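Peer 1: Below are the structure tokens for one structure; questions will follow.
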Amino acid sequence: MKKYNMGQKLIQTIKQLYTKASSAVLLQGVVGDWFHTSVGVRQGCLLSPTLFNIFLERIMTDALENHNGTVSIGGRNITNLRFADDIDGLAGNEDELANLVSCLDDTSRKYGMEISAGKTKLMTNSTTPFTRNIVASGQQLETVNQFKYLGAIISEEGSKAEVLARAAQTAAALAKLKPIWNDRNISLRSKLKLLHALVCRSSCMHEVRRTVKQHIANYEDLLTTVRKRKLRWYGHVTRTDGLSKTILQGTVQGKRRRGRQRKRWVDNIKEWTGMNFATTQALAHDRQEWKRLMSSPLQRPYDPGRLRDQ
């Protein structure tokens with residue numbers, strides 16, 4: 001904490017919280033013997049997430065001190081994406097990835113932490129598979145075609161696996177609520193609220209629209225909902241100056257593959273607004289105009305045959 005220029009009084013106050021900290025186990029209503037706590041942060045304490053983030057930030061700073069990443073987006077080198085203790089490492093080649101994992105592994109052990117090899121996976125978006133073994137905590141890391149990160153499925157095929165998973169979740173939610181849809185004692189207003197809270201939040205795809213309409217009529221088209229949310233987020237990110245904007249609007253080195261190209265995230269923005277990228281960026285800074293655009297009809301007619309899984 002001193003390295004982050006925090007005051008000595010604040011450091012001493014936090015230190016006192018942990019100097020004599022003790023814990024006990026509650027089992028079947030009986031409290032066991034108290035014991036001194038020497039590892040981890042206090043459970044339920046408001047300071048705990050912040051203290052853990054400071055600790056993890058120090059580990060990452062030391063680990064990446066001598067690591068030179070080659071993944072560049074918009075001129076900004078990006079070696080990792082982090083959310084609490086869920087870390088997504090990025091590398092341009094196998095040697096760079098092996099070095100990144102080795103640095104994280106060594107630094108974590110130096111601070112008394114350990115990488116969970118069983119939960120750590122490798123994935124490449126290249127047509128060439130991995131040819132070398134990458135090890136963490138003494139175990140070889142598994143190479144997979146997809147994995148779940150922050151609740152979303154990350155796949156080498158793009159968003160196809162995530163769309164299929166959400167379709168399955170939506171179908172399951174609809175099936176569980178079938179008695180409610182058929183119950184005439186429940187008002188249409190209440191059914192719409194349940195539909196929005198329990199079904200539409202777990203689905204963002206067109207294919208479930210027909211299934212939903214079989215149960216509830218005159219509900220907002222799911223494609224329209226997706227469009228509004230996507231445009232709203234695009235406008236929000238465009239008006240900020242953070243990592244999200246860099247990744248969304250930045251470019252990477254190299255060329256796209258030959259043949260039919262996969263649809264990119266911003267391609268939808270161009271389709272729905274009928275504008276080029278530079279124009280949408282300028283318009284997004286005007287909140288009122290962007291809200292008006294969000295409420296306007298699609299600029300191009302919707303054609304299910306033009307959509308495909310990415």
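Naming works like this for the structure tokens: A, B, ... for the chains as they're shown, residue 1 at the start of each chain, ligands 1 onward in shown order.
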Using DSSP on the backbone, list every residue of region 216-273 of chain A that comes out as alpha helix (DSSP H), and give them as a PyMOL selection string.
Peer 2: chain A and resi 222-238+243-249+265-273
Peer 1: Show which residues sit within 7 Å of region 60-63 of chain A, as a PyMOL selection string. Count only C-alpha atoms, and ignore same-chain residues fewer than 4 positions away.
Peer 2: chain A and resi 56+103-104+107
Peer 1: Restricted to all heavy atoms, what would the selected residues look like written as a tab-separated table (two decimals), in the first residue's frame?
Peer 2:
chain	number	residue	atom	x	y	z
A	56	LEU	N	-3.62	-7.84	-5.87
A	56	LEU	CA	-3.52	-8.43	-7.20
A	56	LEU	C	-2.84	-7.48	-8.17
A	56	LEU	O	-2.07	-7.91	-9.04
A	56	LEU	CB	-4.91	-8.82	-7.71
A	56	LEU	CG	-4.96	-9.56	-9.04
A	56	LEU	CD1	-4.19	-10.87	-8.96
A	56	LEU	CD2	-6.40	-9.83	-9.46
A	103	CYS	N	5.84	-15.88	-16.03
A	103	CYS	CA	6.00	-14.69	-15.18
A	103	CYS	C	4.90	-14.61	-14.12
A	103	CYS	O	5.17	-14.31	-12.95
A	103	CYS	CB	6.00	-13.44	-16.04
A	103	CYS	SG	7.44	-13.23	-17.10
A	104	LEU	N	3.66	-14.87	-14.53
A	104	LEU	CA	2.55	-14.83	-13.58
A	104	LEU	C	2.69	-15.93	-12.53
A	104	LEU	O	2.41	-15.71	-11.34
A	104	LEU	CB	1.22	-14.99	-14.33
A	104	LEU	CG	0.76	-13.80	-15.18
A	104	LEU	CD1	-0.50	-14.16	-15.96
A	104	LEU	CD2	0.48	-12.60	-14.29
A	107	THR	N	5.68	-15.04	-10.08
A	107	THR	CA	5.36	-13.90	-9.22
A	107	THR	C	4.26	-14.24	-8.23
A	107	THR	O	4.31	-13.81	-7.06
A	107	THR	CB	4.94	-12.69	-10.08
A	107	THR	OG1	5.92	-12.44	-11.08
A	107	THR	CG2	4.76	-11.46	-9.22
Peer 1: Tell me which protein, DNA and RNA residues are within 8 Å of Thr143 (chain A), counting only C-alpha atoms, leaving out same-chain ones fewer than 5 positions away, and put them as number ranges by chain.
Peer 2: A: 121-123, 130
Peer 1: So that I have them on file, write out the residues from the current selection with C-alpha atoms, as a PDB file, in the first residue's frame.
Peer 2:
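Output file again_28.pdb is given in full below:
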ATOM      1  CA  LYS A 121      -7.191 -23.011 -20.230  1.00  0.00           C
ATOM      2  CA  LEU A 122      -5.417 -22.153 -23.472  1.00  0.00           C
ATOM      3  CA  MET A 123      -7.160 -21.148 -26.698  1.00  0.00           C
ATOM      4  CA  PHE A 130      -0.199 -25.111 -30.148  1.00  0.00           C
TER       5      PHE A 130
END
Peer 1: Region 109-116 of chain A: which residues within 12 Å, counting only C-alpha atoms, same-chain residues fewer than 2 positions away excluded, as a PyMOL selection string?
Peer 2: chain A and resi 38-40+52+55-60+62-63+85-87+101-107+118-121+135-142
Peer 1: Identify which of the residues A:Ser48, A:Ser190, A:Thr37, A:Asn68 lies closest to Ile14 (chain A), counting only C-alpha atoms when measuring atom-to-atom distances.
Peer 2: A:Ser48
